[in-house]
Amino acid sequence: MAYIDPHIHMVSRTTDDYRAMALAGCVAITEPAFWAGFDRGSVEGFVDYFGALTRTEPARAAQFGIAHHTWLCINPKESEDMGLARAVIARIPDFLDCPNVLGIGEIGLNKNTRNEMQILEEHIALAKSRGMLILVHTPHLEDKLKGTMLIMDAVRNQGVDPGRVLIDHVEEHTVRPVLERGFWAGMTLYPDTKCTPQRAVDIIEMHGTERLWINSAADWGISDPLAVPKCGLEMRRRGHLAEAVRRISFENPLAFLSQSGRFRTSV
Ligand SMILES: [Zn+2]
């Protein structure tokens, strides 16, 4: 079954992963800019990374019939250095006209600090000024609910339509406030942390499939680039219809991402 993985970090994955995803039915992906597992020492490090996201990865994905898209930002973990963060943000507009750039992301909060909050607001303002979509990373564990509420307030304070913002890494205690405020919600399927496929299907059974998507967020850590089709299998095992699997893993990401005017699938 054709599917979209709307959050995956292919710069950290092998070519074999692209092949396995294509064989499993992946027709399109989106790759947010993120923390690379180490802090970059200069603005030029980010500029090189944006080059990889807008040129190298689309070409690598195309070899396997997968349409590649990206989101640009300086991630919240490296936003604590506001001088560096502002210098990186100043270079982002150079890349926003690249045809595979959907918007600004994954922005958000890591430790909910004042500096992170300021840089988050500057990213939101950039997205708003360019009329672009936003993809949001929410902090982990005990800070998640507080951080999620702070982020949603920051979006609302700038008058951005929540229907053009995806709040990612939602869990049982954050999915409802996100959906109730009109945002889209993403569930990240990790083998141990975040949502396992089983927990994700529990959430789908509790909240339905409206404005909800699933993603692997596979990166350089313990993660699974085939998590989206595996979650679909878990849904089918529990008796959900193929239409429901298609809605959460294809039609919903297609609906949200198509608002960019740039999203395409290879089918
Ligand atoms: Zn990510």
# chains A, B, ... in the order shown; residues from 1 in each chain; ligands from 1

call {"tool": "select_by_dssp", "arguments": {"residues": "range 14-260 of chain A", "states": "helix (DSSP H, G or I)", "output": "ChimeraX atom specification"}}
result
/A:15-23,43-62,76-78,82-94,114-130,141-157,162-164,175-180,197-207,227-237,242-260

call {"tool": "closest_atom_pairs", "arguments": {"of": "chain A", "to": "ligand 1", "cutoff": "8 Å", "atoms": "only C-alpha atoms and all ligand atoms", "output": "tab-separated table"}}
result
residue	atom	partner	partner_atom_place_in_ligand_line	distance
A:His7	CA	ligand 1	1 (Zn)	6.3
A:Ile8	CA	ligand 1	1 (Zn)	6.4
A:His9	CA	ligand 1	1 (Zn)	6.6
A:Glu31	CA	ligand 1	1 (Zn)	7.7
A:Pro32	CA	ligand 1	1 (Zn)	6.2
A:Ala33	CA	ligand 1	1 (Zn)	7.4
A:Phe34	CA	ligand 1	1 (Zn)	5.8
A:Glu106	CA	ligand 1	1 (Zn)	6.6
A:His137	CA	ligand 1	1 (Zn)	7.0
A:Ala217	CA	ligand 1	1 (Zn)	5.1
A:Ala218	CA	ligand 1	1 (Zn)	7.5
A:Asp219	CA	ligand 1	1 (Zn)	7.3

call {"tool": "residues_around", "arguments": {"residues": "Trp71 in chain A", "least_positions_apart": "3", "cutoff": "6 Å", "atoms": "only C-alpha atoms", "output": "list in words"}}
result
Pro32, Ala33, Val101, Leu102, Gly103, Ile104 and Gly105 of chain A

call {"tool": "closest_residue", "arguments": {"among": "A:Thr209, A:Thr196, A:Asn112, A:Ser223", "to": "Phe250 in chain A", "atoms": "only C-alpha atoms"}}
result
A:Thr209

call {"tool": "residues_around", "arguments": {"residues": "Arg86 in chain A", "least_positions_apart": "6", "cutoff": "10 Å", "atoms": "only C-alpha atoms", "output": "NGL selection string"}}
result
:A and (43 or 74 or 79 or 119 or 122-123)

call {"tool": "write_last_selection", "arguments": {"atoms": "C-alpha atoms", "output": "short mmCIF file (atom, residue, chain, number, x, y, z; two decimals), in the first residue's frame"}}
result
data_model
loop_
_atom_site.label_atom_id
_atom_site.label_comp_id
_atom_site.auth_asym_id
_atom_site.auth_seq_id
_atom_site.Cartn_x
_atom_site.Cartn_y
_atom_site.Cartn_z
CA VAL A 43 26.85 29.03 10.50
CA ILE A 74 17.95 25.81 13.49
CA SER A 79 19.05 27.58 19.60
CA ILE A 119 14.18 31.82 18.69
CA GLU A 122 11.50 34.38 15.34
CA HIS A 123 11.04 31.18 13.31
#

call {"tool": "decode", "arguments": {"residues": "range 35-66 of chain A", "atoms": "N, CA and C atoms", "output": "short mmCIF file (atom, residue, chain, number, x, y, z; two decimals), in the first residue's frame"}}
result
data_model
loop_
_atom_site.label_atom_id
_atom_site.label_comp_id
_atom_site.auth_asym_id
_atom_site.auth_seq_id
_atom_site.Cartn_x
_atom_site.Cartn_y
_atom_site.Cartn_z
N TRP A 35 18.72 18.31 14.99
CA TRP A 35 20.02 18.20 15.65
C TRP A 35 20.71 16.96 15.11
N ALA A 36 21.97 17.12 14.67
CA ALA A 36 22.64 16.04 13.96
C ALA A 36 23.29 15.02 14.89
N GLY A 37 23.06 15.16 16.20
CA GLY A 37 23.71 14.27 17.15
C GLY A 37 24.95 14.91 17.74
N PHE A 38 25.33 16.06 17.17
CA PHE A 38 26.47 16.84 17.68
C PHE A 38 26.18 18.30 17.38
N ASP A 39 26.75 19.20 18.17
CA ASP A 39 26.54 20.63 17.92
C ASP A 39 27.45 21.10 16.79
N ARG A 40 26.87 21.82 15.82
CA ARG A 40 27.68 22.36 14.74
C ARG A 40 28.39 23.64 15.21
N GLY A 41 29.60 23.81 14.73
CA GLY A 41 30.43 24.88 15.26
C GLY A 41 30.30 26.20 14.57
N SER A 42 29.57 26.26 13.44
CA SER A 42 29.53 27.51 12.69
C SER A 42 28.26 27.61 11.85
N VAL A 43 27.98 28.82 11.41
CA VAL A 43 26.85 29.03 10.50
C VAL A 43 27.04 28.20 9.23
N GLU A 44 28.28 28.14 8.75
CA GLU A 44 28.51 27.41 7.49
C GLU A 44 28.16 25.93 7.60
N GLY A 45 28.30 25.37 8.82
CA GLY A 45 27.89 23.99 9.02
C GLY A 45 26.42 23.79 8.71
N PHE A 46 25.59 24.78 9.10
CA PHE A 46 24.15 24.71 8.81
C PHE A 46 23.88 24.94 7.33
N VAL A 47 24.62 25.85 6.73
CA VAL A 47 24.41 26.13 5.30
C VAL A 47 24.72 24.88 4.47
N ASP A 48 25.79 24.17 4.84
CA ASP A 48 26.10 22.91 4.14
C ASP A 48 24.96 21.90 4.33
N TYR A 49 24.44 21.85 5.55
CA TYR A 49 23.33 20.93 5.85
C TYR A 49 22.10 21.28 5.01
N PHE A 50 21.77 22.57 4.89
CA PHE A 50 20.62 22.97 4.08
C PHE A 50 20.85 22.59 2.61
N GLY A 51 22.09 22.65 2.18
CA GLY A 51 22.41 22.21 0.82
C GLY A 51 22.13 20.72 0.64
N ALA A 52 22.48 19.92 1.65
CA ALA A 52 22.20 18.47 1.59
C ALA A 52 20.70 18.22 1.54
N LEU A 53 19.94 19.00 2.31
CA LEU A 53 18.49 18.79 2.39
C LEU A 53 17.77 19.22 1.11
N THR A 54 18.34 20.18 0.39
CA THR A 54 17.65 20.69 -0.80
C THR A 54 18.21 20.14 -2.11
N ARG A 55 19.39 19.52 -2.07
CA ARG A 55 19.98 19.00 -3.32
C ARG A 55 20.34 17.52 -3.23
N THR A 56 21.16 17.13 -2.23
CA THR A 56 21.67 15.76 -2.17
C THR A 56 20.55 14.75 -1.91
N GLU A 57 19.76 14.98 -0.87
CA GLU A 57 18.74 13.99 -0.51
C GLU A 57 17.64 13.85 -1.56
N PRO A 58 17.14 14.94 -2.19
CA PRO A 58 16.15 14.73 -3.25
C PRO A 58 16.67 13.83 -4.37
N ALA A 59 17.95 13.99 -4.70
CA ALA A 59 18.52 13.15 -5.77
C ALA A 59 18.65 11.70 -5.31
N ARG A 60 19.04 11.50 -4.05
CA ARG A 60 19.18 10.13 -3.54
C ARG A 60 17.82 9.44 -3.50
N ALA A 61 16.79 10.18 -3.02
CA ALA A 61 15.44 9.60 -2.92
C ALA A 61 14.88 9.28 -4.30
N ALA A 62 15.16 10.16 -5.27
CA ALA A 62 14.59 9.97 -6.62
C ALA A 62 15.06 8.66 -7.25
N GLN A 63 16.24 8.19 -6.86
CA GLN A 63 16.73 6.91 -7.40
C GLN A 63 15.80 5.76 -7.07
N PHE A 64 14.99 5.95 -6.01
CA PHE A 64 14.09 4.88 -5.57
C PHE A 64 12.62 5.26 -5.76
N GLY A 65 12.39 6.29 -6.56
CA GLY A 65 11.01 6.69 -6.85
C GLY A 65 10.31 7.33 -5.67
N ILE A 66 11.07 7.90 -4.75
CA ILE A 66 10.48 8.56 -3.57
C ILE A 66 10.65 10.07 -3.72
#
